[in-house]
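Visitor: To start, I am sharing the structure in question, which I have written as structure tokens.
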Amino acid sequence: MKKYFYLFRHGQTNWNLEKKCQGHTDIPLNEKGLKEAEELSIKFEKIPLQVVYSSDLKRATQTAEFLSIKKNIPLLLSEHLREFCLGSAEGKSHEEIISSFGIELWENFLSINCEKDDISYPGGESRYQVFKRTLKILNTIACESSYEQIGIATHGGTLRNLLSHLDPSLQNKISTPNCSVFKVCYLSPQKDWVLEGQLF
């Protein structure tokens with residue numbers, strides 16, 4: 001049986017505007033982000049979602065709430081869908097991170113090269129750790145729930161990391177603007193995940 005997952009990034013926050021790395025810091029949507037979330041719920045109008053799972057951080061939950069209310073479907077929260085924990089880098093701008101930790105760590109952390117999966121900021125999570133926890137919750141949803149059309153509200157780093165692991169042929173950095181949506185198919189009983197592409 002096929003199950004379809006629609007993975008989307010949250011709307012804009014003030015820290016997005018300021019190019020600050022949020023990580024687990026719980027920053028809410030700003031005015032534009034709330035509007036983006038509302039517009040996203042309209043784009044989903046013809047997609048027969050049955051449920052939406054969300055990171056428990058405000059910016060993701062607020063985005064998912066618009067969809068849950070508009071479609072009258074359950075909203076379930078999970079810390080496993082959170083953004084990377086960035087440790088000492090959280091709250092810093094891109095320039096501050098490069099100044100504090102060096103350009104090499106910055107570029108290696110953003111790389112989709114799986115050989116760099118163990119790289120992290122001090123006190124933070126590595127790409128492999130985030131992929132492992134993200135895939136675990138998706139596998140649990142796919143295998144233990146009866147839902148076949150599933151929305152997933154998550155974060156830019158977590159989303160790019162998951163997609164690059166599901167499709168290692170992707171050689172360029174994946175762009176995940178606020179409220180972008182990617183469709184992924186789960187194939188049972190093979191337990192395979194197939195990236196079908198970006199919808200919005």
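By convention here, the chains of the structure tokens are called A, B, ... in the order presented, each chain's residues are numbered starting at 1, and ligands are numbered starting at 1 in the order presented.
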Could you list, as a PDB file with C-alpha atoms, in the first residue's frame, every residue within 10 Å of range 115-128 of chain A, counting only C-alpha atoms and ignoring same-chain residues fewer than 5 positions away?

Guide:
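Output file out-v9.pdb follows:
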ATOM      1  CA  GLY A  23      17.308  25.513  16.046  1.00  0.00           C
ATOM      2  CA  HIS A  24      15.234  24.467  19.069  1.00  0.00           C
ATOM      3  CA  GLU A  83      14.665  21.565  13.628  1.00  0.00           C
ATOM      4  CA  PHE A  84      18.291  20.651  14.307  1.00  0.00           C
ATOM      5  CA  CYS A  85      19.479  21.468  17.791  1.00  0.00           C
ATOM      6  CA  LEU A  86      22.311  23.856  16.923  1.00  0.00           C
ATOM      7  CA  GLY A  87      23.867  24.103  20.362  1.00  0.00           C
ATOM      8  CA  SER A  88      26.219  27.080  20.657  1.00  0.00           C
ATOM      9  CA  ALA A  89      25.179  28.355  17.202  1.00  0.00           C
ATOM     10  CA  GLU A  90      21.530  29.002  18.134  1.00  0.00           C
ATOM     11  CA  ILE A  97      28.436  31.647  13.132  1.00  0.00           C
ATOM     12  CA  PHE A 101      33.201  28.592  14.237  1.00  0.00           C
ATOM     13  CA  LEU A 105      32.330  24.120   9.611  1.00  0.00           C
ATOM     14  CA  TRP A 106      29.575  26.313   8.142  1.00  0.00           C
ATOM     15  CA  ASN A 108      30.459  21.293   5.804  1.00  0.00           C
ATOM     16  CA  PHE A 109      27.340  21.501   7.973  1.00  0.00           C
ATOM     17  CA  LEU A 110      25.292  22.745   5.004  1.00  0.00           C
ATOM     18  CA  ARG A 133      14.995  10.726  14.502  1.00  0.00           C
ATOM     19  CA  THR A 134      13.039  12.194  11.575  1.00  0.00           C
ATOM     20  CA  GLY A 157      17.152  22.250   7.944  1.00  0.00           C
ATOM     21  CA  THR A 158      15.291  19.105   8.940  1.00  0.00           C
ATOM     22  CA  ASN A 161      18.408  16.919   5.477  1.00  0.00           C
ATOM     23  CA  LEU A 162      15.650  14.333   5.079  1.00  0.00           C
ATOM     24  CA  HIS A 165      19.123  11.377   2.437  1.00  0.00           C
TER      25      HIS A 165
END

Visitor: Taking the chain letters and numbering used in this document, name the residues of range 47-116 of chain A that DSSP puts in strand (DSSP E), as a PyMOL selection string.

Guide: chain A and resi 51-55+75-78

Visitor: If you keep N, CA and C atoms, can you produce a file of those selected residues as a compact mmCIF listing (two decimals), in the first residue's frame?

Guide:
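After the write, selection-v7.txt holds the following:
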# COMPACT_ATOMS: atom_id res chain seq x y z
N VAL A 51 -4.76 13.94 8.19
CA VAL A 51 -4.16 14.29 9.47
C VAL A 51 -2.95 15.18 9.18
N VAL A 52 -2.55 15.97 10.15
CA VAL A 52 -1.30 16.71 10.03
C VAL A 52 -0.50 16.54 11.32
N TYR A 53 0.73 16.10 11.16
CA TYR A 53 1.68 15.98 12.26
C TYR A 53 2.60 17.19 12.20
N SER A 54 3.01 17.69 13.36
CA SER A 54 3.84 18.88 13.40
C SER A 54 4.92 18.78 14.46
N SER A 55 6.04 19.40 14.17
CA SER A 55 7.02 19.72 15.20
C SER A 55 6.29 20.47 16.31
N LEU A 75 -4.59 17.39 14.50
CA LEU A 75 -3.22 17.93 14.54
C LEU A 75 -2.50 17.25 15.70
N LEU A 76 -1.41 16.56 15.38
CA LEU A 76 -0.66 15.81 16.37
C LEU A 76 0.78 16.33 16.40
N LEU A 77 1.34 16.52 17.60
CA LEU A 77 2.66 17.12 17.75
C LEU A 77 3.72 16.09 18.11
N SER A 78 4.93 16.33 17.60
CA SER A 78 6.05 15.43 17.93
C SER A 78 7.35 16.22 17.96

Visitor: Ranking A:Gln149, A:Gln50, A:Gln12, A:Thr63 by minimum distance to Pro177 in chain A and counting only C-alpha atoms, which one comes first?

Guide: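 Using only C-alpha atoms, the shortest distance to Pro177 in chain A belongs to A:Gln12.
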
Visitor: Just the residues within 12 Å of Ile47 in chain A, please, counting only C-alpha atoms, with nothing from its chain fewer than 6 positions along; format it as a PyMOL selection string.

Guide: chain A and resi 4-6+40-41+67+71+148-151+183+199

Visitor: Just to be explicit: take each residue in the selection above, keep C-alpha atoms, and write the result as an mmCIF file, in the first residue's frame.

Guide:
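Saved file part-v5.cif follows:
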data_model
loop_
_atom_site.group_PDB
_atom_site.id
_atom_site.type_symbol
_atom_site.label_atom_id
_atom_site.label_comp_id
_atom_site.auth_asym_id
_atom_site.auth_seq_id
_atom_site.Cartn_x
_atom_site.Cartn_y
_atom_site.Cartn_z
ATOM 1 C CA TYR A 4 1.600 9.921 0.744
ATOM 2 C CA PHE A 5 3.380 12.427 2.947
ATOM 3 C CA TYR A 6 3.263 16.158 2.275
ATOM 4 C CA LEU A 40 -0.689 27.384 2.369
ATOM 5 C CA SER A 41 -3.895 25.951 3.832
ATOM 6 C CA LEU A 67 -4.318 23.491 7.789
ATOM 7 C CA LYS A 71 -9.633 20.821 6.628
ATOM 8 C CA GLU A 148 -2.832 7.392 3.827
ATOM 9 C CA GLN A 149 -2.622 11.161 3.117
ATOM 10 C CA ILE A 150 -0.483 12.838 5.756
ATOM 11 C CA GLY A 151 0.741 16.392 6.266
ATOM 12 C CA LYS A 183 5.556 15.100 -1.687
ATOM 13 C CA LEU A 199 4.502 20.787 -5.085
#

Visitor: Which of chain A counts as alpha helix (DSSP H) under DSSP, as a ChimeraX atom specification please?

Guide: /A:14-17,31-43,58-71,94-101,103-110,127-144,156-166

Visitor: Name the residues in contact with Glu36 in chain A at a cut-off of 8 Å, using only C-alpha atoms, excluding same-chain residues fewer than 6 positions from it; report them as a list of chain:residue names.

Guide: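 Counting only the stated atoms, we get A:Gly11, A:Gln12, A:Asn178, A:Cys179.
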
Visitor: Any idea what's packed within 10 Å of Asn30 in chain A, counting only C-alpha atoms, ignoring anything in its chain fewer than 5 positions away? Could you give it as a PyMOL selection string?

Guide: chain A and resi 11-17+35-36+59

Visitor: Generate a file of the selected residues that holds N, CA and C atoms, formatted as a PDB file, in the first residue's frame.

Guide:
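In the end it all went to again18.pdb:
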ATOM      1  N   GLY A  11       5.953  28.914   8.207  1.00  0.00           N
ATOM      2  CA  GLY A  11       5.981  30.277   7.683  1.00  0.00           C
ATOM      3  C   GLY A  11       7.115  31.101   8.278  1.00  0.00           C
ATOM      4  N   GLN A  12       7.207  32.316   7.812  1.00  0.00           N
ATOM      5  CA  GLN A  12       8.325  33.197   8.191  1.00  0.00           C
ATOM      6  C   GLN A  12       8.271  33.621   9.660  1.00  0.00           C
ATOM      7  N   THR A  13       9.456  33.763  10.246  1.00  0.00           N
ATOM      8  CA  THR A  13       9.618  34.318  11.594  1.00  0.00           C
ATOM      9  C   THR A  13      10.532  35.540  11.504  1.00  0.00           C
ATOM     10  N   ASN A  14      10.576  36.314  12.561  1.00  0.00           N
ATOM     11  CA  ASN A  14      11.489  37.457  12.585  1.00  0.00           C
ATOM     12  C   ASN A  14      12.946  37.008  12.496  1.00  0.00           C
ATOM     13  N   TRP A  15      13.242  35.864  13.084  1.00  0.00           N
ATOM     14  CA  TRP A  15      14.619  35.376  13.018  1.00  0.00           C
ATOM     15  C   TRP A  15      14.982  34.942  11.598  1.00  0.00           C
ATOM     16  N   ASN A  16      14.010  34.470  10.813  1.00  0.00           N
ATOM     17  CA  ASN A  16      14.282  34.206   9.404  1.00  0.00           C
ATOM     18  C   ASN A  16      14.714  35.489   8.702  1.00  0.00           C
ATOM     19  N   LEU A  17      13.980  36.568   8.966  1.00  0.00           N
ATOM     20  CA  LEU A  17      14.308  37.858   8.360  1.00  0.00           C
ATOM     21  C   LEU A  17      15.707  38.328   8.760  1.00  0.00           C
ATOM     22  N   LYS A  35       0.319  34.926   7.478  1.00  0.00           N
ATOM     23  CA  LYS A  35      -0.353  35.033   6.182  1.00  0.00           C
ATOM     24  C   LYS A  35       0.080  33.910   5.251  1.00  0.00           C
ATOM     25  N   GLU A  36       1.369  33.586   5.271  1.00  0.00           N
ATOM     26  CA  GLU A  36       1.869  32.475   4.448  1.00  0.00           C
ATOM     27  C   GLU A  36       1.212  31.154   4.849  1.00  0.00           C
ATOM     28  N   ARG A  59       6.567  27.847  15.628  1.00  0.00           N
ATOM     29  CA  ARG A  59       6.500  28.268  14.235  1.00  0.00           C
ATOM     30  C   ARG A  59       5.932  27.182  13.330  1.00  0.00           C
TER      31      ARG A  59
END

Visitor: Quick one: pull the distance between CA of Ser180 in chain A and CA of His155 in chain A, Å, one decimal.

Guide: 10.2 Å

Visitor: Which residue out of A:Ala142, A:Leu7, A:Ile27, A:Met1 has the minimum interatomic distance to Glu196 in chain A when only C-alpha atoms are used?

Guide: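 Among the listed residues, the smallest separation from Glu196 in chain A belongs to A:Leu7.
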
Visitor: Rounded to one decimal in Å, what is the spacing between CA of Lys2 in chain A and CA of Leu187 in chain A?

Guide: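 Taking CA of Lys2 in chain A and CA of Leu187 in chain A, their separation equals 4.9 Å.
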
Visitor: Would you please work out which residue, of A:Phe200, A:Pro168, A:Thr140, A:Ala60, is nearest to Phe182 in chain A when using only C-alpha atoms?

Guide: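 Of A:Phe200, A:Pro168, A:Thr140, A:Ala60, the one nearest Phe182 in chain A is A:Phe200, counting only C-alpha atoms.
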